[in-house]
Amino acid sequence: MGSWERSRTGPLLPPHPPHPPGEAPMRPLRPQVRSLRGLLGTLVATFAVVASLMTAAAPAQADTTLCEPFGTTAIQGRYVVQNNRWGSTATQCVTATETGFRIGQADGSAPTDGAPKSYPSVFNGCHYTTCSPGTELPARIDTVTEAPSSISYGFVGDAVYNASYDIWLDPTPRTDGVNQTEIMIWFNRVGPIQPIGSQAGTASVGGRSWEVWTGSNGSNDVLSFVAPSAITDWSFDVMDFVRATVARGLAEDDWYLTSVQAGFEPWQGGAGLAVNSFSSTVETGGGAGDPDDPGDPGNPVACEVTYGANAWQNGFTADVTVTNTGTTPVDGWQLAFTLPSGQRVTNAWNASLSPATGTVTATGVGHNARLAAGGSLTFGFQGTHSGAFAEPDGFRLNDAVCTTA
């Protein structure tokens, strides 16, 4: 399901049976007359050879074409391919392959300032009432140690579309309906389209730089990470994006990861687009700790924050020192905190801050994007306030709750 979707998928469809191979040649009989017993023996042996050849030649799984709006089929015994044509009545057909899918027919178009036509995709997890075979999802976020995924896309140039991941989070382990928070990762954007909401800044996640967009489609919150240039192939940890979402206050550690999807949102055309290969696994083993106890094994303390402010009537400055108390460096660090009501950031140094009010995320810039184990860094910002001045009451460094000095 894409950011704009309001629909649901249909039941899981079985793959089509394999195409039968051609007949094997039969050994010619000798011209002399045979006994009935000998003839029967020869026929039995011949049919056994034919049956053996048919078994050996049968493919493991034939490609399956889906033209039903919400048609689905399983691939590799672990993922689900879905046609998921929810925003148009025009025909769309996708063909599920052994390792992914391709769009064979993509009729119709949608205005580029509105919702796309569809979100054909392949997924691990649960989407509405369909769950992929043997999935580990839903899984509570604070029990997931890593969620490696890889993708290889095939693009076309005569369509308007994005190539995107869709990652769904919810406070409950739901296996149907719309989740509360949707993460989109735009690997490619072709045409005059943009994510839901507005751009809230930039961020470094998974070792790459992204535009960050936030908004809502009326049913759920949407946080989008948009690549500045096309990414065709990538292997990464989905949890890097989940933790960045938690740090921005759009999810909590005791929420659930329910599905990991990869596909396309086409607005115009789309025939020829393909997911050449897709993989997704989820490794669990972390403790589901008490979020109110920062010393609990489920939420290990990895950082300490010192917040020093100088306030005057209607204005203030703040110097923030972050110390990595863990044993491993933090790359692409992000510090999330909530500004008290009435406060607004006007400028910052040694970090980029966005948005200007509410739950703010400070992100390292080029020279200090890496926070060494045992190391510290300081950034600052200036702002305005109304009423009595107060300091933030909590900080999170990526996925870790920080103590305050």
# chains A, B, ... in the order shown; residues from 1 in each chain; ligands from 1
call {"tool": "select_by_dssp", "arguments": {"residues": "range 39-157 of chain A", "states": "strand (DSSP E)", "output": "ChimeraX atom specification"}}
result
/A:64-66,72-75,79-82,92-96,101-106,121-127,130-131,139-140,144-146,148-154
call {"tool": "closest_atom_pairs", "arguments": {"of": "range 107-189 of chain A", "to": "range 242-265 of chain A", "cutoff": "8 Å", "atoms": "only C-alpha atoms", "output": "JSON lines"}}
result
{"residue": "A:Pro116", "atom": "CA", "partner": "A:Glu265", "partner_atom": "CA", "distance": 5.8}
{"residue": "A:Lys117", "atom": "CA", "partner": "A:Glu265", "partner_atom": "CA", "distance": 7.0}
{"residue": "A:Ser118", "atom": "CA", "partner": "A:Glu265", "partner_atom": "CA", "distance": 5.8}
{"residue": "A:Tyr119", "atom": "CA", "partner": "A:Glu265", "partner_atom": "CA", "distance": 4.9}
{"residue": "A:Pro120", "atom": "CA", "partner": "A:Gly263", "partner_atom": "CA", "distance": 5.7}
{"residue": "A:Ser121", "atom": "CA", "partner": "A:Gly263", "partner_atom": "CA", "distance": 4.0}
{"residue": "A:Val122", "atom": "CA", "partner": "A:Ala262", "partner_atom": "CA", "distance": 5.6}
{"residue": "A:Phe123", "atom": "CA", "partner": "A:Gln261", "partner_atom": "CA", "distance": 4.2}
{"residue": "A:Asn124", "atom": "CA", "partner": "A:Val260", "partner_atom": "CA", "distance": 5.3}
{"residue": "A:Gly125", "atom": "CA", "partner": "A:Ser259", "partner_atom": "CA", "distance": 4.2}
{"residue": "A:Cys126", "atom": "CA", "partner": "A:Ser259", "partner_atom": "CA", "distance": 5.5}
{"residue": "A:His127", "atom": "CA", "partner": "A:Ser259", "partner_atom": "CA", "distance": 6.8}
{"residue": "A:Leu137", "atom": "CA", "partner": "A:Thr258", "partner_atom": "CA", "distance": 5.3}
{"residue": "A:Pro138", "atom": "CA", "partner": "A:Thr258", "partner_atom": "CA", "distance": 4.1}
{"residue": "A:Ala139", "atom": "CA", "partner": "A:Tyr256", "partner_atom": "CA", "distance": 5.3}
{"residue": "A:Arg140", "atom": "CA", "partner": "A:Tyr256", "partner_atom": "CA", "distance": 4.2}
{"residue": "A:Ile141", "atom": "CA", "partner": "A:Asp253", "partner_atom": "CA", "distance": 5.3}
{"residue": "A:Asp142", "atom": "CA", "partner": "A:Asp253", "partner_atom": "CA", "distance": 5.2}
{"residue": "A:Ile151", "atom": "CA", "partner": "A:Ala262", "partner_atom": "CA", "distance": 7.9}
{"residue": "A:Tyr161", "atom": "CA", "partner": "A:Glu265", "partner_atom": "CA", "distance": 5.4}
{"residue": "A:Asn162", "atom": "CA", "partner": "A:Glu265", "partner_atom": "CA", "distance": 5.3}
{"residue": "A:Ala163", "atom": "CA", "partner": "A:Phe264", "partner_atom": "CA", "distance": 4.5}
{"residue": "A:Ser164", "atom": "CA", "partner": "A:Gly263", "partner_atom": "CA", "distance": 5.7}
{"residue": "A:Tyr165", "atom": "CA", "partner": "A:Ala262", "partner_atom": "CA", "distance": 4.3}
{"residue": "A:Asp166", "atom": "CA", "partner": "A:Gln261", "partner_atom": "CA", "distance": 5.0}
{"residue": "A:Ile167", "atom": "CA", "partner": "A:Val260", "partner_atom": "CA", "distance": 4.8}
{"residue": "A:Trp168", "atom": "CA", "partner": "A:Ser259", "partner_atom": "CA", "distance": 5.5}
{"residue": "A:Leu169", "atom": "CA", "partner": "A:Leu257", "partner_atom": "CA", "distance": 4.8}
{"residue": "A:Asp170", "atom": "CA", "partner": "A:Tyr256", "partner_atom": "CA", "distance": 5.3}
{"residue": "A:Pro171", "atom": "CA", "partner": "A:Trp255", "partner_atom": "CA", "distance": 4.3}
{"residue": "A:Thr172", "atom": "CA", "partner": "A:Tyr256", "partner_atom": "CA", "distance": 6.2}
{"residue": "A:Pro173", "atom": "CA", "partner": "A:Tyr256", "partner_atom": "CA", "distance": 5.7}
{"residue": "A:Arg174", "atom": "CA", "partner": "A:Thr258", "partner_atom": "CA", "distance": 7.2}
{"residue": "A:Thr175", "atom": "CA", "partner": "A:Thr258", "partner_atom": "CA", "distance": 7.2}
{"residue": "A:Thr181", "atom": "CA", "partner": "A:Leu250", "partner_atom": "CA", "distance": 6.8}
{"residue": "A:Ile183", "atom": "CA", "partner": "A:Thr245", "partner_atom": "CA", "distance": 7.7}
call {"tool": "write_last_selection", "arguments": {"atoms": "C-alpha atoms", "output": "mmCIF file, in the first residue's frame"}}
result
data_model
loop_
_atom_site.group_PDB
_atom_site.id
_atom_site.type_symbol
_atom_site.label_atom_id
_atom_site.label_comp_id
_atom_site.auth_asym_id
_atom_site.auth_seq_id
_atom_site.Cartn_x
_atom_site.Cartn_y
_atom_site.Cartn_z
ATOM 1 C CA PRO A 116 -1.004 7.789 -7.711
ATOM 2 C CA LYS A 117 -2.875 5.043 -9.564
ATOM 3 C CA SER A 118 -1.603 2.120 -7.535
ATOM 4 C CA TYR A 119 1.199 0.557 -5.537
ATOM 5 C CA PRO A 120 2.195 -2.760 -7.148
ATOM 6 C CA SER A 121 4.738 -4.289 -4.807
ATOM 7 C CA VAL A 122 6.300 -7.315 -3.144
ATOM 8 C CA PHE A 123 6.269 -7.580 0.629
ATOM 9 C CA ASN A 124 7.324 -9.393 3.770
ATOM 10 C CA GLY A 125 4.804 -9.164 6.605
ATOM 11 C CA CYS A 126 1.091 -8.414 6.737
ATOM 12 C CA HIS A 127 -0.837 -6.062 4.461
ATOM 13 C CA LEU A 137 6.072 -9.807 11.349
ATOM 14 C CA PRO A 138 4.461 -8.095 13.156
ATOM 15 C CA ALA A 139 7.426 -7.739 15.541
ATOM 16 C CA ARG A 140 7.824 -5.316 18.408
ATOM 17 C CA ILE A 141 10.399 -2.673 17.451
ATOM 18 C CA ASP A 142 12.504 -2.980 20.610
ATOM 19 C CA ILE A 151 16.453 -4.524 -3.805
ATOM 20 C CA TYR A 161 6.331 7.318 -10.962
ATOM 21 C CA ASN A 162 8.376 6.751 -7.866
ATOM 22 C CA ALA A 163 10.257 3.573 -6.937
ATOM 23 C CA SER A 164 9.761 3.199 -3.224
ATOM 24 C CA TYR A 165 9.784 1.113 -0.092
ATOM 25 C CA ASP A 166 6.751 1.237 2.175
ATOM 26 C CA ILE A 167 7.412 0.364 5.843
ATOM 27 C CA TRP A 168 4.495 0.228 8.249
ATOM 28 C CA LEU A 169 4.456 0.799 12.035
ATOM 29 C CA ASP A 170 1.573 0.559 14.487
ATOM 30 C CA PRO A 171 1.052 0.638 18.273
ATOM 31 C CA THR A 172 -0.582 -2.811 17.992
ATOM 32 C CA PRO A 173 0.507 -6.024 16.198
ATOM 33 C CA ARG A 174 -2.258 -5.612 13.652
ATOM 34 C CA THR A 175 -2.482 -7.749 10.547
ATOM 35 C CA THR A 181 2.715 5.506 10.718
ATOM 36 C CA ILE A 183 7.701 5.263 6.245
#
call {"tool": "select_by_dssp", "arguments": {"residues": "range 133-250 of chain A", "states": "helix (DSSP H, G or I)", "output": "list of chain:residue names"}}
result
A:Ile141, A:Asp142, A:Thr143, A:Val238, A:Met239, A:Asp240, A:Phe241, A:Val242, A:Arg243, A:Ala244, A:Thr245, A:Val246, A:Ala247
call {"tool": "write_last_selection", "arguments": {"atoms": "C-alpha atoms", "output": "PDB file, in the first residue's frame"}}
result
ATOM      1  CA  ILE A 141      10.399  -2.673  17.451  1.00  0.00           C
ATOM      2  CA  ASP A 142      12.504  -2.980  20.610  1.00  0.00           C
ATOM      3  CA  THR A 143      12.954  -6.720  19.993  1.00  0.00           C
ATOM      4  CA  VAL A 238      15.310  -1.249   7.487  1.00  0.00           C
ATOM      5  CA  MET A 239      15.768  -0.561  11.209  1.00  0.00           C
ATOM      6  CA  ASP A 240      17.933   2.475  10.417  1.00  0.00           C
ATOM      7  CA  PHE A 241      14.806   4.154   9.038  1.00  0.00           C
ATOM      8  CA  VAL A 242      12.571   2.807  11.795  1.00  0.00           C
ATOM      9  CA  ARG A 243      14.895   4.221  14.453  1.00  0.00           C
ATOM     10  CA  ALA A 244      15.041   7.559  12.650  1.00  0.00           C
ATOM     11  CA  THR A 245      11.243   7.603  12.728  1.00  0.00           C
ATOM     12  CA  VAL A 246      11.175   6.837  16.464  1.00  0.00           C
ATOM     13  CA  ALA A 247      13.701   9.625  17.024  1.00  0.00           C
TER      14      ALA A 247
END
call {"tool": "closest_residue", "arguments": {"among": "A:Asn347, A:Ser88, A:Thr202, A:Ser152", "to": "Pro111 in chain A", "atoms": "only C-alpha atoms"}}
result
A:Ser88
call {"tool": "residues_around", "arguments": {"residues": "range 378-385 of chain A", "least_positions_apart": "3", "cutoff": "6 Å", "atoms": "only C-alpha atoms", "output": "list in words"}}
result
Asn314, Gly315, Phe316, Thr317, Ala318, Asp319, Val320, Thr321, Gly342, Gln343, Arg344, Val345, Thr346, Asn347, Ala348, Trp349, Asn350 and Ala351 of chain A
call {"tool": "residues_around", "arguments": {"residues": "Val81 in chain A", "least_positions_apart": "3", "cutoff": "12 Å", "atoms": "only C-alpha atoms", "output": "ChimeraX atom specification"}}
result
/A:1,9-15,63-66,70-78,84,93-103,119-127,130-133,261-263,274-275,277-278
call {"tool": "write_last_selection", "arguments": {"atoms": "C-alpha atoms", "output": "compact mmCIF listing (two decimals), in the first residue's frame"}}
result
# COMPACT_ATOMS: atom_id res chain seq x y z
CA MET A 1 0.00 0.00 0.00
CA THR A 9 -6.09 -6.37 -1.04
CA GLY A 10 -7.90 -9.54 -1.99
CA PRO A 11 -7.20 -13.13 -0.96
CA LEU A 12 -3.92 -14.88 -1.69
CA LEU A 13 -4.06 -16.57 -5.08
CA PRO A 14 -2.23 -19.81 -5.84
CA PRO A 15 0.37 -19.78 -8.61
CA ASP A 63 5.41 -16.81 -13.77
CA THR A 64 1.97 -15.67 -12.64
CA THR A 65 0.17 -12.68 -14.16
CA LEU A 66 -2.25 -10.70 -11.98
CA PHE A 70 -6.05 -6.56 -5.60
CA GLY A 71 -4.71 -9.87 -6.90
CA THR A 72 -1.86 -11.48 -4.95
CA THR A 73 0.42 -14.49 -5.25
CA ALA A 74 3.31 -15.90 -3.23
CA ILE A 75 6.90 -16.16 -4.51
CA GLN A 76 9.85 -18.06 -3.05
CA GLY A 77 7.49 -19.42 -0.41
CA ARG A 78 8.13 -16.31 1.70
CA ASN A 84 -2.79 -3.35 -5.69
CA CYS A 93 -1.34 -6.24 -14.88
CA VAL A 94 1.79 -7.40 -13.07
CA THR A 95 3.69 -10.63 -13.58
CA ALA A 96 5.21 -12.26 -10.53
CA THR A 97 8.58 -13.83 -11.27
CA GLU A 98 10.69 -16.14 -9.15
CA THR A 99 12.57 -13.19 -7.61
CA GLY A 100 10.24 -10.19 -7.99
CA PHE A 101 7.72 -8.80 -10.48
CA ARG A 102 7.32 -6.61 -13.56
CA ILE A 103 4.46 -4.40 -14.73
CA TYR A 119 1.20 0.56 -5.54
CA PRO A 120 2.20 -2.76 -7.15
CA SER A 121 4.74 -4.29 -4.81
CA VAL A 122 6.30 -7.31 -3.14
CA PHE A 123 6.27 -7.58 0.63
CA ASN A 124 7.32 -9.39 3.77
CA GLY A 125 4.80 -9.16 6.60
CA CYS A 126 1.09 -8.41 6.74
CA HIS A 127 -0.84 -6.06 4.46
CA THR A 130 -2.80 -10.98 3.71
CA CYS A 131 0.40 -12.14 5.44
CA SER A 132 3.44 -13.51 3.64
CA PRO A 133 4.25 -17.20 4.29
CA GLN A 261 7.21 -3.55 1.00
CA ALA A 262 9.02 -2.54 -2.20
CA GLY A 263 7.45 -1.45 -5.47
CA ALA A 274 10.31 -4.11 -12.50
CA VAL A 275 11.57 -5.30 -9.15
CA SER A 277 15.00 -9.03 -6.99
CA PHE A 278 13.89 -8.44 -3.41
